[in-house]
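Data file: model_27.cif. Format and content: mmCIF, C-alpha atoms (C1' of nucleotides).
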```cif
data_my_file
loop_
_atom_site.label_atom_id
_atom_site.label_comp_id
_atom_site.auth_asym_id
_atom_site.auth_seq_id
_atom_site.Cartn_x
_atom_site.Cartn_y
_atom_site.Cartn_z
CA MET F 202 12.95 29.96 -15.16
CA THR F 203 16.17 28.32 -14.08
CA VAL F 204 16.40 27.25 -10.51
CA ALA F 205 19.34 27.23 -8.17
CA PRO F 206 20.05 23.60 -7.35
CA GLU F 207 19.01 22.93 -3.81
CA ARG F 208 21.83 21.46 -1.80
CA ARG F 209 21.09 21.05 1.88
CA PRO F 210 23.12 19.09 4.41
CA LEU F 211 22.18 15.52 3.58
CA VAL F 212 21.96 12.68 6.04
CA PHE F 213 24.30 10.80 3.70
CA GLU F 214 26.46 13.05 1.59
CA ARG F 215 27.80 10.45 -0.83
CA LEU F 216 26.52 7.34 -2.55
CA GLU F 217 28.85 5.04 -0.60
CA HIS F 218 27.52 6.37 2.68
CA VAL F 219 24.06 5.30 1.62
CA THR F 220 25.15 1.86 0.44
CA ASP F 221 27.08 1.39 3.69
CA ALA F 222 23.99 2.29 5.67
CA LEU F 223 21.96 -0.18 3.61
CA ARG F 224 24.43 -2.97 4.36
CA ARG F 225 24.57 -2.02 8.02
CA ALA F 226 20.79 -2.39 8.12
CA GLY F 227 21.13 -5.90 6.69
CA HIS F 228 20.20 -5.01 3.13
CA ARG F 229 22.02 -5.91 -0.03
CA VAL F 230 23.38 -3.40 -2.45
CA THR F 231 22.17 -4.60 -5.81
CA GLY F 232 22.35 -3.01 -9.23
CA PRO F 233 18.85 -1.52 -9.14
CA ALA F 234 19.36 -0.30 -5.55
CA ARG F 235 22.52 1.49 -6.57
CA ARG F 236 20.87 2.99 -9.63
CA VAL F 237 18.01 4.39 -7.57
CA ILE F 238 20.50 6.05 -5.25
CA GLU F 239 22.48 7.38 -8.21
CA ALA F 240 19.30 8.81 -9.67
CA LEU F 241 18.51 10.59 -6.42
CA PHE F 242 21.99 12.10 -6.32
CA ALA F 243 21.70 13.08 -9.96
CA ALA F 244 18.24 14.63 -9.61
CA ASP F 245 18.07 18.37 -9.11
CA GLY F 246 15.06 18.21 -6.82
CA PRO F 247 12.33 15.84 -5.62
CA VAL F 248 11.43 13.34 -8.34
CA SER F 249 8.71 10.75 -8.80
CA ALA F 250 9.32 7.01 -8.68
CA GLU F 251 8.30 6.90 -12.31
CA GLN F 252 10.92 9.46 -13.28
CA ILE F 253 13.54 7.39 -11.50
CA ALA F 254 12.30 4.21 -13.17
CA ALA F 255 12.46 5.93 -16.53
CA GLY F 256 16.07 6.83 -15.82
CA LEU F 257 15.48 10.55 -15.23
CA ASP F 258 14.51 11.23 -18.85
CA GLY F 259 17.27 9.13 -20.29
CA ARG F 260 20.03 10.50 -18.13
CA GLN F 261 20.18 7.13 -16.38
CA SER F 262 19.31 3.59 -17.45
CA ALA F 263 15.75 2.44 -16.91
CA LEU F 264 14.53 0.24 -14.05
CA GLU F 265 11.45 -1.66 -13.00
CA LEU F 266 8.96 0.66 -11.34
CA THR F 267 8.20 -1.94 -8.66
CA SER F 268 11.84 -2.18 -7.81
CA VAL F 269 12.15 1.58 -7.58
CA TYR F 270 9.30 1.71 -5.08
CA ARG F 271 10.78 -1.10 -3.05
CA ASN F 272 14.16 0.55 -2.95
CA LEU F 273 12.71 3.93 -2.09
CA GLU F 274 10.85 2.36 0.79
CA ARG F 275 14.01 0.71 2.08
CA LEU F 276 15.95 3.92 1.72
CA GLU F 277 13.22 5.75 3.55
CA GLN F 278 13.33 3.19 6.35
CA ILE F 279 17.03 3.77 6.92
CA GLY F 280 16.45 7.51 6.79
CA ALA F 281 18.30 8.16 3.56
CA VAL F 282 15.28 9.31 1.59
CA SER F 283 12.06 11.16 2.25
CA HIS F 284 9.07 11.88 0.08
CA VAL F 285 6.48 14.60 -0.23
CA HIS F 286 2.94 14.52 -1.62
CA ALA F 287 2.60 17.68 -3.64
CA GLY F 288 -1.11 17.60 -4.41
CA HIS F 289 -2.74 14.88 -6.45
CA GLY F 290 0.22 13.72 -8.46
CA PRO F 291 2.68 10.98 -7.55
CA GLY F 292 4.84 11.20 -4.46
CA LEU F 293 8.14 13.00 -4.99
CA TYR F 294 11.29 11.54 -3.52
CA ALA F 295 14.58 13.11 -2.52
CA LEU F 296 17.63 12.34 -0.45
CA ALA F 297 16.85 13.12 3.17
CA SER F 298 18.56 16.13 4.62
CA THR F 299 19.40 16.55 8.28
CA ARG F 300 16.24 18.54 8.56
CA ASP F 301 13.86 18.02 5.68
CA ARG F 302 12.74 20.96 3.63
CA GLU F 303 9.09 21.87 3.83
CA TYR F 304 6.92 22.87 0.91
CA LEU F 305 4.37 25.38 -0.30
CA VAL F 306 2.22 24.24 -3.21
CA CYS F 307 0.16 26.50 -5.43
CA ASP F 308 -3.16 24.85 -6.19
CA ARG F 309 -3.61 26.99 -9.29
CA CYS F 310 -0.31 26.77 -11.16
CA GLY F 311 1.11 23.74 -9.41
CA ARG F 312 4.30 25.48 -8.38
CA VAL F 313 6.13 23.84 -5.50
CA THR F 314 8.29 26.11 -3.36
CA SER F 315 10.66 24.53 -0.91
CA VAL F 316 11.29 26.46 2.28
CA ASP F 317 13.68 26.22 5.16
CA PRO F 318 11.88 24.38 7.99
CA GLU F 319 13.23 26.88 10.50
CA ALA F 320 11.27 29.57 8.76
CA LEU F 321 8.09 27.72 9.71
CA ASP F 322 9.00 27.09 13.33
CA PRO F 323 7.12 30.10 14.76
CA LEU F 324 4.06 28.94 12.89
CA ARG F 325 4.53 25.43 14.18
CA ASP F 326 4.87 26.75 17.71
CA SER F 327 1.62 28.67 17.59
CA LEU F 328 -0.17 25.63 16.17
CA ARG F 329 1.19 23.51 18.97
CA ASP F 330 0.15 26.07 21.57
CA ALA F 331 -3.33 26.50 20.16
CA PHE F 332 -4.23 22.92 19.21
CA GLY F 333 -1.56 20.64 20.63
CA HIS F 334 -0.90 19.66 17.03
CA HIS F 335 2.71 19.12 16.01
CA ALA F 336 2.70 20.19 12.38
CA ARG F 337 5.05 18.89 9.74
CA PHE F 338 4.96 20.25 6.20
CA SER F 339 7.68 18.07 4.72
CA HIS F 340 5.46 15.11 3.90
CA PHE F 341 2.17 16.91 3.21
CA PRO F 342 2.91 20.49 2.23
CA ILE F 343 1.05 23.72 2.70
CA HIS F 344 -1.41 24.34 -0.12
CA GLY F 345 -2.93 27.56 -1.31
CA LEU F 346 -2.12 30.18 -3.90
CA CYS F 347 1.29 31.51 -4.76
CA ALA F 348 1.77 35.28 -4.86
CA GLY F 349 1.29 35.45 -8.61
CA CYS F 350 -1.88 33.39 -8.73
CA ALA F 351 -3.37 35.16 -5.74
CA ARG F 352 -2.90 38.46 -7.57
CA ALA F 353 -4.36 37.17 -10.84
CA PRO F 354 -8.11 37.29 -11.45
CA ASP F 355 -10.12 34.09 -11.26
CA PRO F 356 -9.28 31.89 -14.21
CA ALA F 357 -11.90 30.24 -16.38
CA SER F 358 -11.93 27.15 -14.19
CA PRO F 359 -11.87 27.80 -10.49
CA ARG F 360 -11.13 24.12 -9.90
CA ALA F 361 -7.68 24.34 -8.43
CA ASP F 362 -7.57 20.57 -8.38
CA ARG F 363 -6.80 20.23 -12.03
CA ALA F 364 -4.08 22.80 -12.22
CA ALA F 365 -2.33 21.13 -9.33
CA ARG F 366 -2.16 17.90 -11.29
CA PRO F 367 0.31 18.68 -14.02
CA ARG F 368 1.03 15.93 -16.54
CA ARG F 369 4.67 15.85 -15.51
CA PRO F 370 5.04 16.45 -11.81
CA ALA F 371 6.35 19.89 -11.06
CA ARG F 372 9.91 20.00 -9.94
CA ALA F 373 10.38 21.72 -6.60
CA ARG F 374 11.83 25.14 -6.84
CA THR F 375 14.19 26.46 -4.24
CA GLY F 376 12.50 29.16 -2.31
CA ALA F 377 13.05 31.66 0.44
CA MET H 30 -15.93 8.94 21.45
CA THR H 31 -19.10 10.72 20.42
CA VAL H 32 -18.72 13.90 18.48
CA ALA H 33 -20.77 17.03 18.57
CA PRO H 34 -22.41 17.40 15.16
CA GLU H 35 -20.72 20.20 13.35
CA ARG H 36 -23.19 22.77 12.07
CA ARG H 37 -21.68 25.83 10.52
CA PRO H 38 -23.44 28.50 8.48
CA LEU H 39 -23.90 26.74 5.15
CA VAL H 40 -23.88 28.40 1.77
CA PHE H 41 -27.22 26.70 1.17
CA GLU H 42 -29.10 25.94 4.36
CA ARG H 43 -31.76 23.67 2.90
CA LEU H 44 -32.04 21.08 0.17
CA GLU H 45 -34.31 23.23 -1.99
CA HIS H 46 -31.78 26.03 -1.96
CA VAL H 47 -29.24 23.66 -3.43
CA THR H 48 -31.61 22.31 -6.08
CA ASP H 49 -32.59 25.87 -6.99
CA ALA H 50 -28.95 26.78 -7.38
CA LEU H 51 -28.44 23.72 -9.57
CA ARG H 52 -31.30 24.75 -11.84
CA ARG H 53 -30.10 28.32 -11.93
CA ALA H 54 -26.75 27.02 -13.14
CA GLY H 55 -28.53 25.17 -15.96
CA HIS H 56 -28.43 21.74 -14.37
CA ARG H 57 -31.27 19.31 -13.93
CA VAL H 58 -32.44 18.06 -10.60
CA THR H 59 -32.63 14.32 -11.04
CA GLY H 60 -33.26 11.56 -8.57
CA PRO H 61 -29.60 10.69 -7.98
CA ALA H 62 -28.68 14.37 -7.72
CA ARG H 63 -31.31 14.88 -5.04
CA ARG H 64 -30.21 11.80 -3.16
CA VAL H 65 -26.60 12.94 -3.07
CA ILE H 66 -27.71 16.26 -1.61
CA GLU H 67 -29.92 14.50 0.90
CA ALA H 68 -27.03 12.31 1.94
CA LEU H 69 -24.85 15.36 2.51
CA PHE H 70 -27.52 16.96 4.67
CA ALA H 71 -27.97 13.70 6.55
CA ALA H 72 -24.24 13.14 7.11
CA ASP H 73 -22.78 14.23 10.41
CA GLY H 74 -19.46 15.27 8.94
CA PRO H 75 -17.38 14.96 5.78
CA VAL H 76 -18.06 11.67 4.00
CA SER H 77 -16.52 9.81 1.10
CA ALA H 78 -18.19 9.40 -2.28
CA GLU H 79 -18.32 5.70 -1.58
CA GLN H 80 -20.21 6.23 1.68
CA ILE H 81 -22.72 8.37 -0.17
CA ALA H 82 -23.04 5.80 -2.94
CA ALA H 83 -23.60 3.10 -0.33
CA GLY H 84 -26.41 5.19 1.09
CA LEU H 85 -24.57 6.23 4.26
CA ASP H 86 -24.50 2.71 5.67
CA GLY H 87 -28.06 1.96 4.76
CA ARG H 88 -29.55 5.17 6.06
CA GLN H 89 -30.22 6.15 2.45
CA SER H 90 -30.81 4.20 -0.74
CA ALA H 91 -27.77 3.23 -2.77
CA LEU H 92 -26.55 5.00 -5.90
CA GLU H 93 -24.02 4.52 -8.67
CA LEU H 94 -20.60 5.62 -7.52
CA THR H 95 -19.92 7.30 -10.86
CA SER H 96 -23.06 9.31 -10.52
CA VAL H 97 -22.13 10.36 -7.02
CA TYR H 98 -18.79 11.68 -8.25
CA ARG H 99 -20.43 13.54 -11.11
CA ASN H 100 -22.97 15.11 -8.81
CA LEU H 101 -20.39 16.04 -6.23
CA GLU H 102 -18.37 17.73 -8.93
CA ARG H 103 -21.37 19.72 -10.12
CA LEU H 104 -22.26 20.66 -6.58
CA GLU H 105 -18.72 21.76 -5.99
CA GLN H 106 -18.82 23.87 -9.15
CA ILE H 107 -21.84 25.78 -7.94
CA GLY H 108 -20.22 26.19 -4.53
CA ALA H 109 -22.62 23.98 -2.59
CA VAL H 110 -20.05 21.36 -1.67
CA SER H 111 -16.38 21.19 -0.86
CA HIS H 112 -14.03 18.33 -0.26
CA VAL H 113 -10.93 17.69 1.77
CA HIS H 114 -8.10 15.20 1.28
CA ALA H 115 -7.36 13.81 4.71
CA GLY H 116 -4.23 11.83 3.96
CA HIS H 117 -4.13 8.95 1.52
CA GLY H 118 -7.73 7.79 1.75
CA PRO H 119 -10.61 8.93 -0.43
CA GLY H 120 -11.64 12.55 -0.57
CA LEU H 121 -14.25 13.55 2.00
CA TYR H 122 -17.18 15.70 0.93
CA ALA H 123 -19.41 18.05 2.88
CA LEU H 124 -21.84 20.87 2.27
CA ALA H 125 -19.89 24.07 1.82
CA SER H 126 -20.14 26.57 4.62
CA THR H 127 -19.78 30.29 4.19
CA ARG H 128 -16.24 29.85 5.31
CA ASP H 129 -15.02 26.27 5.08
CA ARG H 130 -13.64 24.57 8.13
CA GLU H 131 -9.96 23.73 8.03
CA TYR H 132 -8.39 20.50 9.23
CA LEU H 133 -5.56 19.05 11.27
CA VAL H 134 -4.70 15.43 10.51
CA CYS H 135 -2.65 13.15 12.72
CA ASP H 136 -0.34 11.05 10.57
CA ARG H 137 -0.02 8.46 13.30
CA CYS H 138 -3.56 7.74 14.47
CA GLY H 139 -5.42 9.22 11.52
CA ARG H 140 -7.52 11.55 13.64
CA VAL H 141 -8.99 14.51 11.76
CA THR H 142 -9.70 17.63 13.76
CA SER H 143 -11.75 20.35 12.20
CA VAL H 144 -10.89 23.87 13.26
CA ASP H 145 -12.43 27.28 12.80
CA PRO H 146 -10.65 28.97 9.88
CA GLU H 147 -10.45 32.20 11.84
CA ALA H 148 -8.25 30.47 14.35
CA LEU H 149 -5.70 29.98 11.58
CA ASP H 150 -5.80 33.51 10.23
CA PRO H 151 -2.78 34.79 12.18
CA LEU H 152 -0.82 31.85 10.85
CA ARG H 153 -2.07 32.54 7.35
CA ASP H 154 -1.06 36.17 7.68
CA SER H 155 2.48 35.38 8.68
CA LEU H 156 2.78 32.91 5.81
CA ARG H 157 1.56 35.54 3.39
CA ASP H 158 3.97 38.10 4.77
CA ALA H 159 6.94 35.77 4.69
CA PHE H 160 6.37 33.93 1.40
CA GLY H 161 3.54 35.65 -0.43
CA HIS H 162 1.74 32.33 -0.18
CA HIS H 163 -2.00 32.42 0.52
CA ALA H 164 -2.53 29.28 2.54
CA ARG H 165 -5.73 27.30 2.63
CA PHE H 166 -6.11 24.25 4.85
CA SER H 167 -9.66 23.34 3.90
CA HIS H 168 -8.75 21.29 0.85
CA PHE H 169 -5.37 19.92 1.90
CA PRO H 170 -5.16 19.95 5.68
CA ILE H 171 -2.31 20.43 8.08
CA HIS H 172 -0.57 17.15 8.82
CA GLY H 173 1.56 16.17 11.77
CA LEU H 174 0.98 14.55 15.14
CA CYS H 175 -1.91 15.12 17.47
CA ALA H 176 -1.17 15.91 21.09
CA GLY H 177 -1.62 12.31 22.20
CA CYS H 178 0.58 10.78 19.52
CA ALA H 179 3.27 13.41 19.94
CA ARG H 180 3.45 12.51 23.62
CA ALA H 181 3.56 8.76 23.00
CA PRO H 182 6.89 7.04 22.37
CA ASP H 183 7.81 6.00 18.85
CA PRO H 184 5.65 3.08 17.81
CA ALA H 185 7.07 -0.05 16.20
CA SER H 186 6.67 1.41 12.73
CA PRO H 187 7.62 5.05 12.33
CA ARG H 188 5.89 5.05 8.94
CA ALA H 189 3.11 7.49 9.58
CA ASP H 190 1.80 6.83 6.09
CA ARG H 191 0.13 3.60 7.01
CA ALA H 192 -1.61 4.79 10.10
CA ALA H 193 -3.06 7.67 8.15
CA ARG H 194 -4.69 5.25 5.74
CA PRO H 195 -7.42 3.66 7.79
CA ARG H 196 -9.60 1.08 6.06
CA ARG H 197 -12.70 3.15 6.64
CA PRO H 198 -11.97 6.84 6.23
CA ALA H 199 -11.88 8.66 9.51
CA ARG H 200 -14.79 10.89 10.18
CA ALA H 201 -13.82 14.46 10.97
CA ARG H 202 -14.10 15.33 14.61
CA THR H 203 -15.22 18.74 15.64
CA GLY H 204 -12.35 20.48 17.32
CA ALA H 205 -11.35 23.65 19.03
"C1'" DC T 7 -47.20 16.99 -23.85
"C1'" DG T 8 -43.25 16.22 -26.82
"C1'" DC T 9 -38.65 16.91 -27.82
"C1'" DC T 10 -33.97 18.23 -26.89
"C1'" DT T 11 -30.28 17.81 -24.23
"C1'" DG T 12 -28.16 16.84 -20.05
"C1'" DA T 13 -27.86 12.99 -16.60
"C1'" DT T 14 -27.59 8.22 -15.71
"C1'" DG T 15 -25.92 3.30 -15.50
"C1'" DC T 16 -22.67 0.26 -16.72
"C1'" DA T 17 -18.24 -1.11 -18.17
"C1'" DA T 18 -13.83 -0.12 -19.03
"C1'" DA T 19 -9.68 2.56 -18.30
"C1'" DC T 20 -6.53 5.16 -15.61
"C1'" DG T 21 -2.79 6.63 -12.27
"C1'" DG T 22 -0.31 5.55 -8.36
"C1'" DC T 23 1.01 2.06 -5.87
"C1'" DT T 24 1.32 -2.83 -3.74
"C1'" DC T 25 1.62 -7.87 -3.74
"C1'" DG T 26 2.75 -12.79 -5.09
"C1'" DC T 27 5.90 -15.66 -6.86
"C1'" DA T 28 9.54 -17.91 -9.37
"C1'" DA T 29 14.18 -16.83 -10.88
"C1'" DC T 30 18.29 -14.53 -9.73
"C1'" DA T 31 22.43 -12.79 -7.44
"C1'" DG T 32 24.87 -10.34 -3.22
"C1'" DG T 33 28.00 -11.43 0.21
"C1'" DG T 34 28.88 -14.00 4.80
"C1'" DG T 35 30.92 -18.40 5.88
"C1'" DC T 36 33.91 -21.78 4.89
"C1'" DG D 287 37.79 -18.04 -4.12
"C1'" DC D 288 33.44 -20.51 -4.12
"C1'" DC D 289 28.97 -21.88 -2.47
"C1'" DC D 290 24.84 -21.55 -0.61
"C1'" DC D 291 21.33 -19.01 1.79
"C1'" DT D 292 18.34 -15.52 1.68
"C1'" DG D 293 17.14 -10.99 0.25
"C1'" DT D 294 16.10 -8.79 -4.20
"C1'" DT D 295 14.43 -8.61 -8.76
"C1'" DG D 296 11.27 -8.78 -12.75
"C1'" DC D 297 7.00 -9.42 -14.26
"C1'" DG D 298 2.22 -9.97 -13.84
"C1'" DA D 299 -1.78 -9.23 -11.53
"C1'" DG D 300 -4.42 -6.63 -8.29
"C1'" DC D 301 -6.14 -2.69 -5.58
"C1'" DC D 302 -8.14 1.78 -4.60
"C1'" DG D 303 -9.97 6.10 -5.85
"C1'" DT D 304 -11.42 8.35 -9.63
"C1'" DT D 305 -12.49 9.39 -14.60
"C1'" DT D 306 -14.23 8.48 -19.24
"C1'" DG D 307 -17.05 6.59 -23.17
"C1'" DC D 308 -21.29 5.58 -24.72
"C1'" DA D 309 -25.95 4.11 -25.35
"C1'" DT D 310 -30.17 4.89 -22.85
"C1'" DC D 311 -33.20 7.52 -20.08
"C1'" DA D 312 -35.79 11.35 -18.26
"C1'" DG D 313 -36.04 16.55 -16.59
"C1'" DG D 314 -38.20 20.62 -17.85
"C1'" DC D 315 -38.57 24.45 -21.55
"C1'" DG D 316 -41.51 25.58 -25.40
#
```

Please express the file's structure as C-alpha cells.
Amino acid sequence: MTVAPERRPLVFERLEHVTDALRRAGHRVTGPARRVIEALFAADGPVSAEQIAAGLDGRQSALELTSVYRNLERLEQIGAVSHVHAGHGPGLYALASTRDREYLVCDRCGRVTSVDPEALDPLRDSLRDAFGHHARFSHFPIHGLCAGCARAPDPASPRADRAARPRRPARARTGA
Amino acid sequence: MTVAPERRPLVFERLEHVTDALRRAGHRVTGPARRVIEALFAADGPVSAEQIAAGLDGRQSALELTSVYRNLERLEQIGAVSHVHAGHGPGLYALASTRDREYLVCDRCGRVTSVDPEALDPLRDSLRDAFGHHARFSHFPIHGLCAGCARAPDPASPRADRAARPRRPARARTGA
DNA sequence: CGCCTGATGCAAACGGCTCGCAACAGGGGC
DNA sequence: GCCCCTGTTGCGAGCCGTTTGCATCAGGCG
C-alpha cells in the first residue's frame, strides 16, 4: 500500500525559511533545531517526536527526545509546525501548511486518512449553525470506522481502543 | 453554572440489571465491582476513574484505582459503560445509554457539551457519503471553539492544548 | 459448605511528555 | 574576528493516566 506523498502549500517551503523565522522570533538555530526541521522536511507524513528523535529510522542522526519536544514546541509557536492526536498514541507532527489538513481515524484498524479541510467546511458550517461550535479536525481528528472496517463483521475484540494504538504510530495516508 | 442532570435511556436502568449482566457474562459481583457501579449511578455526568476511586469526593467509600480501571473495563465489555476522551485529561466514564451521547469540546476553555447523537446524524451521513467514514463522536469528541471562545479575541497564549487540560477534569455539561 | 477460579490490593512498570539544572554554544556587539 | 550573554542542550528525574505481575482473598457453583 504505497501512498502518494502529501505535499500541500507549506507555511515555510524551505528549511532556510523556517530557520529565518526562528531567528526573527528571537530563537537560535542550533544543530538539534536544524535536525528536527530537516527530519520534518524528510518525513513523508506526520511523525512522532520519538521517530524524529530516533532519526526517522536511521535516515537521520539521532537526537535527545527532550530536545525534539522543545524544538517542536518552538516551531509550533512560530507557526511552522502543527501536530495531531490520532487516537491514543503519541502526537504526530508535520510542517504546517497554509491550511492544515484534517484527519479521519479508524478506531478499528488505526488507519489515518488526511482530508482537504475545505471538504469539511459544509460540515463545519452546520455544526456552527446548530451548536455555535467552531469545529477543527486538524488537532483532534474525526474518529470512527473506515469503509473497510465498517463493512467487515465484528472482530473478536470489539474494543476499538486497542486497534487504534498500533505499536508504531500509523503514518497518515493521503486521502480524498 | 448549574447543570441539568443528564438522564438518557440507559442500557441497564438499575444497579441489579448491571450486576445480573456481569454474572451472565461469567463475572463475579464483588464489593469493589458493586461500588464502581454505584458510583456511576450516583455521578451526575461522566467521571474519571480517579474520581470513582476517590469515592466521588467523599460521597462514596474509596477504592483501589487499579480495581476501578479493571471494573470499568469489564463493564465496558458487557456494554454497561462507555468512556469519552475529552482532550488530554483522563478518560471520563458513564453508564452506557441505548445510544451514547456525543460531545463537543472547547480547546480554549475546556468546556464539554454533550449533544444528542441524532442531532449529528446529518453530519455523519455526509461524512459517510463523502469519505466512506462512519464517524462516532462519543468516544473521541469534536474539538474546536465554543461560541464564547470563538467570539473572544485571541488570548495571550494561542496554545489551546493547555486550556483543554484542566487540573480537575471538566464535567460534561448537558447541551442542546 | 468447600473448593476452584476469578477479583483484589499493592507495587512496579509503562508511554508520552515535562521540568530542573549545569554545561554548552549561537550570534549580536564591539 | 572574538567575547560574552543568554538561549539551548543533554541528562536525569518526575508526572499523569493507565496497565501488568503476582500473591492473597473471596464469590458462587457443585

Contact residues (chain F, partner chain D, 10 Å, all atoms listed in the file) as a list of chain:residue names: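 The answer, sorted by residue number, is F:Gly227, F:His228, F:Arg229, F:Val230, F:Thr231, F:Gly232, F:Pro233, F:Ala234, F:Leu264, F:Glu265, F:Leu266, F:Thr267, F:Ser268, F:Arg271, F:Asn272.
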
Can you check which parts of chain H lie within 6 Å of chain F? Per residue, the shortest pair of atoms and distance in Å to one decimal, counting all atoms listed in the file, sorted by chain and number, as a Markdown table.
```
| residue | atom | partner | partner_atom | distance |
| --- | --- | --- | --- | --- |
| H:Gly161 | CA | F:Ala348 | CA | 4.8 |
| H:His162 | CA | F:Cys347 | CA | 4.7 |
| H:His163 | CA | F:Leu346 | CA | 5.0 |
| H:Ala164 | CA | F:Gly345 | CA | 4.2 |
| H:Arg165 | CA | F:Gly345 | CA | 4.8 |
| H:His172 | CA | F:Ala336 | CA | 5.7 |
| H:Gly173 | CA | F:Ala336 | CA | 4.2 |
| H:Leu174 | CA | F:His335 | CA | 5.0 |
| H:Cys175 | CA | F:His334 | CA | 4.7 |
| H:Ala176 | CA | F:Gly333 | CA | 4.8 |
```

I'd like a table as a tab-separated table: residues in chain T with an atom no more than 9 Å from chain H, each row giving the shortest atom pair and its distance in Å to one decimal, all atoms listed in the file counted, sorted by chain and rising residue number.
```
residue	atom	partner	partner_atom	distance
T:DG12	C1'	H:Arg57	CA	7.3
T:DA13	C1'	H:Thr59	CA	7.4
T:DT14	C1'	H:Ser96	CA	7.0
T:DG15	C1'	H:Glu93	CA	7.2
```

Dump as a PDB file, in the coordinates of the input, selection limited to C-alpha atoms (C1' of nucleotides):
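Result file result28.pdb:
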```pdb
ATOM      1  C1'  DG T  12     -28.160  16.840 -20.050  1.00  0.00           C
ATOM      2  C1'  DA T  13     -27.860  12.990 -16.600  1.00  0.00           C
ATOM      3  C1'  DT T  14     -27.590   8.220 -15.710  1.00  0.00           C
ATOM      4  C1'  DG T  15     -25.920   3.300 -15.500  1.00  0.00           C
TER       5       DG T  15
END
```

Straight-line distance linking atom CA of Val282 of chain F with atom CA of Ala295 of chain F, stated in Å to one decimal: 5.6 Å

Mind working out the centre and edge lengths of an axis-aligned box for segment 308-312 of chain D, all listed atoms inside, 4 Å added to each side, rounded to one decimal in Å and written as JSON?
```
{"center_x": -28.5, "center_y": 7.7, "center_z": -21.8, "size_x": 22.5, "size_y": 15.2, "size_z": 15.1}
```

Pairwise distance for atom CA of His46 of chain H and atom CA of Ala125 of chain H, rounded to one decimal in Å: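 These atoms are spaced 12.6 Å apart.
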
Explicit residue set for the PyMOL selection byres ((chain F and resi 294) around 12), as a PyMOL selection string: chain F and resi 237-238+240-242+244-253+269-270+272-274+276-277+281-287+291-293+295-298+301-302+339-340+370+372-373

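Atom CA of Glu303 of chain F is positioned 23.5 Å from atom CA of Glu147 of chain H.
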
Save segment 268-272 of chain F of the structure in the block above to a file, with all heavy atoms included, as a JSON list (two decimals), in the first residue's frame.
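Now in out35.json:
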```
[["chain", "number", "residue", "atom", "x", "y", "z"],
["F", 268, "SER", "N", 14.84, 17.39, 23.60],
["F", 268, "SER", "CA", 15.20, 18.48, 22.71],
["F", 268, "SER", "C", 14.24, 18.52, 21.52],
["F", 268, "SER", "O", 13.86, 19.60, 21.05],
["F", 268, "SER", "CB", 16.63, 18.27, 22.23],
["F", 268, "SER", "OG", 17.22, 19.47, 21.88],
["F", 269, "VAL", "N", 13.86, 17.36, 21.05],
["F", 269, "VAL", "CA", 12.90, 17.29, 19.95],
["F", 269, "VAL", "C", 11.60, 17.95, 20.36],
["F", 269, "VAL", "O", 11.06, 18.79, 19.65],
["F", 269, "VAL", "CB", 12.66, 15.84, 19.53],
["F", 269, "VAL", "CG1", 11.52, 15.75, 18.52],
["F", 269, "VAL", "CG2", 13.93, 15.24, 18.96],
["F", 270, "TYR", "N", 11.11, 17.60, 21.55],
["F", 270, "TYR", "CA", 9.86, 18.19, 22.02],
["F", 270, "TYR", "C", 9.99, 19.70, 22.14],
["F", 270, "TYR", "O", 9.09, 20.46, 21.78],
["F", 270, "TYR", "CB", 9.46, 17.59, 23.37],
["F", 270, "TYR", "CG", 8.68, 16.30, 23.24],
["F", 270, "TYR", "CD1", 9.23, 15.10, 23.64],
["F", 270, "TYR", "CD2", 7.40, 16.29, 22.69],
["F", 270, "TYR", "CE1", 8.52, 13.92, 23.52],
["F", 270, "TYR", "CE2", 6.69, 15.11, 22.56],
["F", 270, "TYR", "CZ", 7.25, 13.92, 22.98],
["F", 270, "TYR", "OH", 6.56, 12.76, 22.86],
["F", 271, "ARG", "N", 11.12, 20.14, 22.69],
["F", 271, "ARG", "CA", 11.27, 21.58, 22.88],
["F", 271, "ARG", "C", 11.32, 22.30, 21.54],
["F", 271, "ARG", "O", 10.73, 23.37, 21.36],
["F", 271, "ARG", "CB", 12.52, 21.86, 23.71],
["F", 271, "ARG", "CG", 12.27, 21.51, 25.19],
["F", 271, "ARG", "CD", 13.32, 22.06, 26.12],
["F", 271, "ARG", "NE", 14.51, 21.20, 26.14],
["F", 271, "ARG", "CZ", 15.14, 20.82, 27.25],
["F", 271, "ARG", "NH1", 14.70, 21.21, 28.42],
["F", 271, "ARG", "NH2", 16.20, 20.06, 27.19],
["F", 272, "ASN", "N", 12.00, 21.70, 20.58],
["F", 272, "ASN", "CA", 12.06, 22.33, 19.27],
["F", 272, "ASN", "C", 10.70, 22.30, 18.58],
["F", 272, "ASN", "O", 10.30, 23.29, 17.97],
["F", 272, "ASN", "CB", 13.12, 21.65, 18.41],
["F", 272, "ASN", "CG", 14.49, 22.22, 18.69],
["F", 272, "ASN", "OD1", 14.75, 23.37, 18.37],
["F", 272, "ASN", "ND2", 15.35, 21.43, 19.32]]
```
